[in-house]
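In what follows, a structure is listed as structure tokens, so that the remarks can point back to it.
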Amino acid sequence: MSVVLPCGYGEKYFRVALGCFLTQTYDGPLEVIILDNNTDPIEHLLPTDERIRYFHCERDRIGALRNKANALASGEVIVNADEDDWYSKDRIAAQVDRLQVSGKSVTGWHNLLFYNTADGGCYRYNYAAKPPYAVGTSFCYTRAWWETHPFQSVPKGMDYYFQLEAAQADQLDSTDGAQFAVARAHRDSTCPPQFGCSQFPAVVPTALPDAFWRAVAPAKP
């Protein structure tokens with residue numbers, strides 16, 4: 001099992017996502033591919049853990065970075081991770097189970113919780129159209145599928161095209177991911193969500209898992 005985690009925001013966010021995967025309940029072999037495309041490398045900030053495989057590369061579009069990280073991964077199943085998001089401890093176990101039960105090549109979530117770091121607002125993304133559809137931070141897929149359907153290196157839409165190809169081939173399993181992740185929206189985001197529309201209804205803070213709030217709480221001095 002390989003988790004691919006491109007990092008490009010310096011030391012601001014990645015520790016939360018990395019910590020989420022180093023504490024997974026999944027009981028099989030696990031590696032985390034850190035693809036560092038920061039101008040100032042973050043290798044010295046990483047904990048010592050044999051499951052972490054670190055690589056540095058030049059800055060590039062996210063689709064190209066995911067392809068590079070996937071090429072370095074050794075697992076037959078690959079999980080996407082965004083450095084600014086939080087994931088539950090059972091994410092991998094649940095998604096591997098979904099792949100096995102569904103018989104599909106790709107699984108992901110069509111609904112997702114969001115936390116806006118700019119104003120502290122909490123939201124739930126609701127995909128309005130008929131599923132299947134899955135958001136990029138939620139992808140879990142077989143290496144064999146990615147090898148014949150790599151991510152496109154385009155300015156926008158690389159995740160959309162990846163899941164669209166799977167949906168068109170009837171190879172996409174789409175579920176509700178509200179209990180598995182919280183995406184953090186922030187000013188550094190390349191494509192920040194437009195909150196306030198019907199697809200992003202506001203929710204109360206308690207709708208977000210307690211484990212998320214503990215993970216993003218400021219460290220005590």
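Each chain in the structure tokens gets a letter, A, B, ..., in the order shown, and its residues are numbered from 1; ligands are numbered from 1 in order too.
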DSSP says strand (DSSP E) for which residues of segment 2-212 of chain A? Put them as an MDAnalysis selection string?
-> chainID A and resid 2:7 31:36 52:56 77:80 85:87 106:116 122:126 140:142 172:176 181:185
Name the residues in contact with Ser198 of chain A at a cut-off of 9 Å, using only C-alpha atoms, excluding same-chain residues fewer than 6 positions from it; report them as a short mmCIF file (atom, residue, chain, number, x, y, z; two decimals) with C-alpha atoms, in the first residue's frame.
data_model
loop_
_atom_site.label_atom_id
_atom_site.label_comp_id
_atom_site.auth_asym_id
_atom_site.auth_seq_id
_atom_site.Cartn_x
_atom_site.Cartn_y
_atom_site.Cartn_z
CA TYR A 125 -19.46 19.85 -0.06
CA ASN A 126 -22.47 18.22 -1.70
CA ALA A 128 -25.37 17.99 -6.81
#
For Ser189 of chain A, work out the shell of residues within 12 Å, counting only C-alpha atoms and skipping chain neighbours fewer than 6 positions away, then give it as a PyMOL selection string.
-> chain A and resi 8-9+13+62+82-85+116-118+183
If you take only C-alpha atoms and a cut-off of 9 Å, which residues of segment 78-153 of chain A touch segment 158-174 of chain A, and what are their nearest atom pairs and distances in Å to one decimal, in chain and number order, as a tab-separated table?
residue	atom	partner	partner_atom	distance
A:Arg98	CA	A:Asp173	CA	7.7
A:Leu99	CA	A:Asp173	CA	7.7
A:Ser102	CA	A:Asp173	CA	6.7
A:Gly103	CA	A:Gln171	CA	8.1
A:Lys104	CA	A:Gln171	CA	4.7
A:Ser105	CA	A:Gln171	CA	5.3
A:Val106	CA	A:Leu172	CA	4.9
A:Thr107	CA	A:Asp173	CA	4.5
A:Gly108	CA	A:Ser174	CA	5.2
A:Trp109	CA	A:Ser174	CA	5.3
A:His110	CA	A:Ser174	CA	6.1
A:Pro131	CA	A:Ser174	CA	6.9
A:Pro132	CA	A:Ser174	CA	5.3
A:Tyr133	CA	A:Ser174	CA	6.0
A:Ala134	CA	A:Ser174	CA	6.0
A:Val135	CA	A:Asp159	CA	7.0
A:Gly136	CA	A:Asp159	CA	5.0
A:Thr137	CA	A:Asp159	CA	8.6
A:Phe139	CA	A:Gln163	CA	8.3
A:Trp145	CA	A:Ala166	CA	8.7
A:Trp146	CA	A:Phe162	CA	8.9
A:His149	CA	A:Phe162	CA	7.2
A:Pro150	CA	A:Phe162	CA	7.4
A:Phe151	CA	A:Phe162	CA	6.0
A:Gln152	CA	A:Met158	CA	5.2
A:Ser153	CA	A:Met158	CA	6.6
Store the residues picked out above, limited to C-alpha atoms, as an mmCIF file, in the first residue's frame.
data_model
loop_
_atom_site.group_PDB
_atom_site.id
_atom_site.type_symbol
_atom_site.label_atom_id
_atom_site.label_comp_id
_atom_site.auth_asym_id
_atom_site.auth_seq_id
_atom_site.Cartn_x
_atom_site.Cartn_y
_atom_site.Cartn_z
ATOM 1 C CA ARG A 98 -14.394 -0.698 -0.875
ATOM 2 C CA LEU A 99 -12.083 -1.625 -3.748
ATOM 3 C CA SER A 102 -16.982 -3.123 -5.392
ATOM 4 C CA GLY A 103 -14.580 -4.823 -7.775
ATOM 5 C CA LYS A 104 -13.790 -1.385 -9.243
ATOM 6 C CA SER A 105 -10.365 0.075 -10.016
ATOM 7 C CA VAL A 106 -10.974 3.470 -8.339
ATOM 8 C CA THR A 107 -12.866 4.472 -5.207
ATOM 9 C CA GLY A 108 -13.434 7.912 -3.750
ATOM 10 C CA TRP A 109 -15.925 10.266 -2.106
ATOM 11 C CA HIS A 110 -18.551 12.524 -3.648
ATOM 12 C CA PRO A 131 -22.994 10.003 -8.853
ATOM 13 C CA PRO A 132 -20.593 8.459 -9.576
ATOM 14 C CA TYR A 133 -18.164 11.285 -8.927
ATOM 15 C CA ALA A 134 -15.180 11.568 -6.611
ATOM 16 C CA VAL A 135 -12.985 14.430 -5.402
ATOM 17 C CA GLY A 136 -9.228 14.232 -5.894
ATOM 18 C CA THR A 137 -8.128 14.109 -2.266
ATOM 19 C CA PHE A 139 -8.798 8.769 -4.654
ATOM 20 C CA TRP A 145 -5.428 1.429 -13.481
ATOM 21 C CA TRP A 146 -3.109 4.412 -13.050
ATOM 22 C CA HIS A 149 -4.832 6.162 -17.049
ATOM 23 C CA PRO A 150 -2.225 8.589 -15.637
ATOM 24 C CA PHE A 151 -3.110 12.040 -14.348
ATOM 25 C CA GLN A 152 -3.143 14.776 -16.941
ATOM 26 C CA SER A 153 -0.635 17.599 -16.478
#
Using only C-alpha atoms, find the one residue out of A:Pro6, A:Pro29, A:Gly19, A:Pro193 that sits nearest to Tyr54 of chain A.
-> A:Pro6
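Around Ala69 of chain A, within 9 Å and counting only C-alpha atoms, the residues found are Val4, Leu5, Pro6, Ile33, Ile34, Leu35, Phe55, Ala64, Leu65 and Ala73 of chain A, once anything fewer than 4 positions away on its own chain is removed.
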May I ask which of the residues A:Leu18, A:Ala93, A:Leu113, A:Ile78 is the closest one to Thr142 of chain A, counting only C-alpha atoms?
-> A:Ile78
Helix (DSSP H, G or I) positions in segment 5-211 of chain A, given as JSON, numbers by chain | {"A": [14, 15, 16, 17, 18, 19, 20, 21, 22, 43, 44, 45, 62, 63, 64, 65, 66, 67, 68, 69, 70, 71, 72, 91, 92, 93, 94, 95, 96, 97, 98, 99, 100, 101, 102, 136, 137, 138, 143, 144, 145, 146, 147, 148, 158, 159, 160, 161, 162, 163, 164, 165, 166, 167, 168, 205, 206, 207, 210, 211]}
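Proximity ranking of A:Tyr123, A:Phe14, A:Thr23, A:Gly177 relative to Leu45 of chain A places A:Phe14 first, based on only C-alpha atoms.
For the pair atom CA of Asp40 of chain A and atom CA of Val182 of chain A, the interatomic distance is 27.0 Å.
You will find atom CA of Lys156 of chain A at 12.6 Å from atom CA of Asp60 of chain A.
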How far is it from atom CA of Ile92 of chain A to atom CA of Ala207 of chain A, in Å with one decimal?
-> 21.6 Å
Which one of A:Leu46, A:Val3, A:Val216, A:Ala94 sits closest to Gln179 of chain A if you count only C-alpha atoms?
-> A:Ala94
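For the set A:Gln194, A:Gln199, A:Asn37, A:Ser2, the residue with the smallest atom-to-atom gap to Ala71 of chain A is A:Ser2, counting only C-alpha atoms.
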